[in-house]
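Student: structure-v6.txt is the file, holding compact mmCIF, C-alpha atoms:
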# COMPACT_ATOMS: atom_id res chain seq x y z
CA MET A 1 17.15 62.69 -20.90
CA PHE A 2 17.55 59.66 -18.77
CA ASN A 3 20.87 59.00 -17.29
CA THR A 4 22.30 55.50 -17.62
CA LYS A 5 22.20 54.81 -13.89
CA LYS A 6 18.42 55.36 -13.87
CA ILE A 7 17.99 53.10 -16.91
CA HIS A 8 20.11 50.35 -15.31
CA PHE A 9 18.16 50.71 -12.07
CA LEU A 10 14.78 50.48 -13.87
CA VAL A 11 15.87 47.48 -15.94
CA PHE A 12 17.33 45.73 -12.89
CA SER A 13 14.18 46.47 -10.85
CA GLY A 14 11.95 45.17 -13.63
CA VAL A 15 13.96 41.98 -14.04
CA PHE A 16 14.07 41.47 -10.28
CA LEU A 17 10.32 41.94 -9.87
CA TYR A 18 9.59 39.66 -12.81
CA SER A 19 11.89 36.95 -11.49
CA CYS A 20 10.20 37.14 -8.09
CA SER A 21 6.76 36.71 -9.59
CA VAL A 22 7.65 33.89 -11.98
CA ASN A 23 7.64 30.39 -10.50
CA LYS A 24 5.88 31.64 -7.39
CA SER A 25 3.36 29.17 -6.10
CA LYS A 26 0.21 29.97 -4.23
CA VAL A 27 -2.67 27.94 -2.86
CA GLY A 28 -4.60 26.48 -5.79
CA GLU A 29 -1.98 27.46 -8.34
CA TRP A 30 1.43 25.92 -7.94
CA SER A 31 4.38 26.99 -10.07
CA LYS A 32 5.83 24.77 -12.76
CA LYS A 33 8.74 24.07 -10.41
CA ASP A 34 6.45 22.86 -7.60
CA LYS A 35 4.53 20.67 -10.04
CA GLU A 36 7.86 19.18 -11.16
CA ARG A 37 8.83 18.56 -7.51
CA PHE A 38 5.54 16.75 -6.96
CA ASN A 39 6.08 14.59 -10.05
CA GLN A 40 9.65 13.80 -8.96
CA TYR A 41 8.35 12.78 -5.55
CA ILE A 42 5.80 10.45 -7.16
CA LYS A 43 8.48 8.90 -9.40
CA LYS A 44 10.71 8.26 -6.38
CA GLU A 45 7.84 6.63 -4.53
CA GLU A 46 7.15 4.43 -7.55
CA GLN A 47 10.83 3.47 -7.78
CA LYS A 48 10.82 2.52 -4.09
CA GLY A 49 7.89 0.22 -4.87
CA HIS A 50 5.44 2.11 -2.67
CA MET A 51 2.78 2.23 -5.39
CA THR A 52 2.96 -1.28 -6.82
CA SER A 53 -0.33 -2.32 -5.23
CA PHE A 54 -2.24 0.74 -6.43
CA GLY A 55 -3.31 -1.01 -9.63
CA GLU A 56 -5.35 0.64 -12.35
CA ASN A 57 -6.50 3.47 -10.07
CA LYS A 58 -2.97 4.71 -9.37
CA GLN A 59 -3.38 7.77 -11.59
CA MET A 60 -6.66 8.66 -9.87
CA PHE A 61 -4.82 8.55 -6.54
CA ILE A 62 -1.97 10.70 -7.87
CA ASP A 63 -4.42 13.25 -9.33
CA CYS A 64 -6.40 13.37 -6.09
CA LEU A 65 -3.25 13.87 -4.03
CA PHE A 66 -1.97 16.62 -6.29
CA LYS A 67 -5.28 18.50 -6.14
CA LYS A 68 -5.53 18.22 -2.35
CA LEU A 69 -1.95 19.39 -1.82
CA GLU A 70 -2.13 22.20 -4.37
CA ASN A 71 -5.46 23.42 -3.00
CA ASN A 72 -4.29 23.44 0.62
CA TYR A 73 -0.64 24.49 0.56
CA THR A 74 1.31 27.37 -0.98
CA SER A 75 4.08 25.05 -2.24
CA PHE A 76 5.10 21.43 -2.55
CA THR A 77 7.85 21.96 0.03
CA LEU A 78 5.40 23.33 2.57
CA ALA A 79 2.94 20.54 1.86
CA MET A 80 5.54 17.89 2.56
CA SER A 81 6.99 19.61 5.64
CA ASN A 82 4.30 18.45 8.06
CA ASP A 83 2.11 15.49 8.89
CA LYS A 84 -0.93 17.04 7.25
CA ALA A 85 0.31 15.81 3.86
CA LYS A 86 0.08 12.27 5.20
CA GLU A 87 -3.53 12.95 6.11
CA GLU A 88 -4.17 14.18 2.56
CA MET A 89 -2.66 10.92 1.26
CA LYS A 90 -4.97 8.91 3.52
CA LEU A 91 -8.00 10.90 2.36
CA CYS A 92 -7.12 10.27 -1.29
CA PHE A 93 -6.47 6.61 -0.67
CA ASN A 94 -9.88 6.28 0.97
CA GLU A 95 -11.57 8.25 -1.82
CA VAL A 96 -10.04 6.09 -4.53
CA TYR A 97 -9.78 2.69 -2.83
CA GLY A 98 -12.15 2.97 0.12
CA PRO A 99 -15.40 1.13 0.48
CA LYS A 100 -17.74 1.59 -2.43
CA LYS A 101 -20.76 3.66 -1.53
CA SER A 102 -24.16 2.07 -1.77
CA MET A 103 -26.76 3.36 -4.15
CA LYS A 104 -30.17 2.28 -5.33
CA GLY A 105 -29.84 -1.04 -7.10
CA ALA A 106 -26.22 -1.58 -6.03
CA TRP A 107 -25.53 -1.79 -2.32
CA ASN A 108 -21.98 -2.24 -1.05
CA LYS A 109 -20.86 -5.35 0.84
CA GLU A 110 -21.45 -3.75 4.21
CA ASP A 111 -25.09 -2.95 3.44
CA VAL A 112 -25.71 -6.43 2.00
CA ALA A 113 -24.21 -7.93 5.18
CA LYS A 114 -26.44 -5.71 7.35
CA PHE A 115 -29.49 -6.84 5.37
CA ASN A 116 -28.50 -10.50 5.77
CA ASN A 117 -27.94 -10.04 9.51
CA GLU A 118 -31.36 -8.42 9.83
CA MET A 119 -32.95 -11.36 8.02
CA GLN A 120 -31.10 -13.76 10.34
CA SER A 121 -32.62 -11.96 13.31
CA ILE A 122 -36.14 -12.77 12.05
CA GLN A 123 -35.28 -16.30 10.91
CA ALA A 124 -38.09 -17.86 12.97
CA ASP A 125 -40.69 -15.74 11.17
CA LEU A 126 -39.12 -16.42 7.78
CA ASN A 127 -39.13 -20.18 8.41
CA LYS A 128 -42.95 -20.00 8.53
CA LEU A 129 -42.81 -19.38 4.77
CA GLY A 130 -41.49 -22.90 4.29
CA PRO A 131 -40.31 -23.58 0.74
CA LEU A 132 -41.25 -20.03 -0.30
CA LYS A 133 -38.70 -18.49 2.06
CA GLU A 134 -35.82 -18.29 -0.47
CA ASP A 135 -38.02 -16.80 -3.18
CA PHE A 136 -39.36 -14.26 -0.69
CA LEU A 137 -35.84 -13.28 0.45
CA LYS A 138 -34.66 -12.82 -3.14
CA CYS A 139 -37.69 -10.70 -4.01
CA TYR A 140 -37.48 -8.68 -0.81
CA PHE A 141 -33.75 -7.99 -1.12
CA GLN A 142 -34.12 -6.95 -4.75
CA ILE A 143 -37.02 -4.60 -4.12
CA ILE A 144 -35.46 -3.08 -0.97
CA GLN A 145 -32.13 -2.55 -2.74
CA ASN A 146 -33.86 -0.94 -5.72
CA THR A 147 -35.98 1.33 -3.49
CA PHE A 148 -33.40 2.61 -1.00
CA PRO A 149 -29.85 3.90 -1.54
CA SER A 150 -28.58 2.08 1.58
CA PHE A 151 -29.58 -0.33 4.33
CA ASN A 152 -29.73 2.52 6.86
CA ASP A 153 -32.22 4.35 4.65
CA ALA A 154 -34.31 1.18 4.45
CA ILE A 155 -34.51 0.57 8.19
CA SER A 156 -35.46 4.17 8.81
CA ASN A 157 -38.54 3.65 6.61
CA SER A 158 -40.20 0.68 8.27
CA SER A 159 -43.68 1.36 6.89
CA THR A 160 -42.35 1.32 3.31
CA CYS A 161 -40.39 -1.87 4.08
CA GLN A 162 -43.53 -3.54 5.42
CA LYS A 163 -45.43 -2.61 2.27
CA LEU A 164 -42.61 -3.95 0.09
CA ALA A 165 -42.53 -7.20 2.10
CA THR A 166 -46.27 -7.57 1.57
CA ASP A 167 -45.83 -6.93 -2.16
CA CYS A 168 -43.19 -9.68 -2.33
CA ALA A 169 -45.34 -12.10 -0.38
CA ASN A 170 -48.31 -11.45 -2.68
CA GLU A 171 -46.12 -11.85 -5.77
CA ILE A 172 -44.76 -15.19 -4.57
CA ILE A 173 -48.21 -16.47 -3.62
CA LYS A 174 -49.49 -15.60 -7.11
CA LYS A 175 -46.70 -17.70 -8.65
CA GLU A 176 -47.76 -20.75 -6.60
What does this structure look like when you write it as structure tokens?
Tutor:
Amino acid sequence: MFNTKKIHFLVFSGVFLYSCSVNKSKVGEWSKKDKERFNQYIKKEEQKGHMTSFGENKQMFIDCLFKKLENNYTSFTLAMSNDKAKEEMKLCFNEVYGPKKSMKGAWNKEDVAKFNNEMQSIQADLNKLGPLKEDFLKCYFQIIQNTFPSFNDAISNSSTCQKLATDCANEIIKKE
């Protein structure tokens, strides 16, 4: 038979081991307690007014930050104990609110500006088109934007751009 001291020792050991394993966070899988700490931190930041300008994408930012911290740190406390957490916040802010990436048919402002600057650099040649210049520029921008995912992709394919410019010129001449 078991003696009572052995039973107490086994029960105590089991409870101790269980309590050590419960609420233990690890990278990629924070405990309920660490998730609560993160949520409390976010609520405090909201109360301080630090998130008032985040607008409709605030939850996307919060979700991004949580994932980055949980996937890189063993606990919320450790995540917030160094400057790396600030870097994670910056990364999330840039992911959610940073410049929109260009894609075929929808270039961002930066790529549109680059295209316009490039056209300004060849203004003398474009002026030779006379009254057809604006129609040519509209056609050329549209076809370039729909063909390439960004301005940098377009300028690295000069032969394709020349062909597209010729296509636009021919299209405009046919309309005349």
Student: Could you tell me how far CA of Lys86 (chain A) lies from CA of Ser25 (chain A), in Å and to one decimal?
Tutor: 20.6 Å
Student: My list of candidates is A:Leu137, A:Ala165, A:Val96, A:Ala106. Which is closest to Glu56 (chain A) when distances are computed with only C-alpha atoms?
Tutor: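 Nearest candidate to Glu56 (chain A) out of A:Leu137, A:Ala165, A:Val96, A:Ala106: A:Val96.
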Student: Under the rule that only C-alpha atoms are counted, which of A:Thr77, A:Asn57, A:Asn72, A:Asn157 is the nearest residue to Glu95 (chain A)?
Tutor: A:Asn57
Student: Pull the closest atom pair for each residue of region 43-155 of chain A that gets at most 7 Å from region 30-34 of chain A, along with the distance in Å to one decimal, counting all atoms listed in the file, ordering rows by chain and then ascending residue number, as JSON lines.
Tutor:
{"residue": "A:Glu70", "atom": "CA", "partner": "A:Trp30", "partner_atom": "CA", "distance": 6.3}
{"residue": "A:Ser75", "atom": "CA", "partner": "A:Asp34", "partner_atom": "CA", "distance": 6.3}
{"residue": "A:Phe76", "atom": "CA", "partner": "A:Asp34", "partner_atom": "CA", "distance": 5.4}
Student: Mind pulling up the distance from CA of Gly98 (chain A) to CA of Gln120 (chain A)?
Tutor: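 Computing the Euclidean distance for CA of Gln120 (chain A) and CA of Gly98 (chain A) yields 27.3 Å.
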Student: Please measure the separation of CA of Lys100 (chain A) and CA of Phe151 (chain A), giving the value in Å to one decimal.
Tutor: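 The value is 13.8 Å.
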Student: Select, from A:Tyr140, A:Phe66, A:Phe148, A:Phe61, the residue with the minimum atom-to-atom distance to Thr166 (chain A), counting only C-alpha atoms.
Tutor: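 Result for the nearest residue to Thr166 (chain A): A:Tyr140.
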Student: Within 12 Å of Phe141 (chain A), counting only C-alpha atoms, which residues show up once you throw out same-chain ones fewer than 4 positions away? Write them as a PyMOL selection string, please.
Tutor: chain A and resi 104-107+111-116+118-119+134-137+145-148+150-151+154+161+164-165+168
Student: Determine the nearest neighbour of Thr74 (chain A) from the options A:Gly55, A:Gly130, A:Gly28, A:Gly49, counting only C-alpha atoms.
Tutor: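 Of A:Gly55, A:Gly130, A:Gly28, A:Gly49, the one nearest Thr74 (chain A), counting only C-alpha atoms, is A:Gly28.
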Student: Quick one: everything within 9 Å of Leu132 (chain A), counting only C-alpha atoms, minus sequence neighbours fewer than 5 positions away in the same chain. Send it as a PyMOL selection string.
Tutor: chain A and resi 127+137+169+172-173
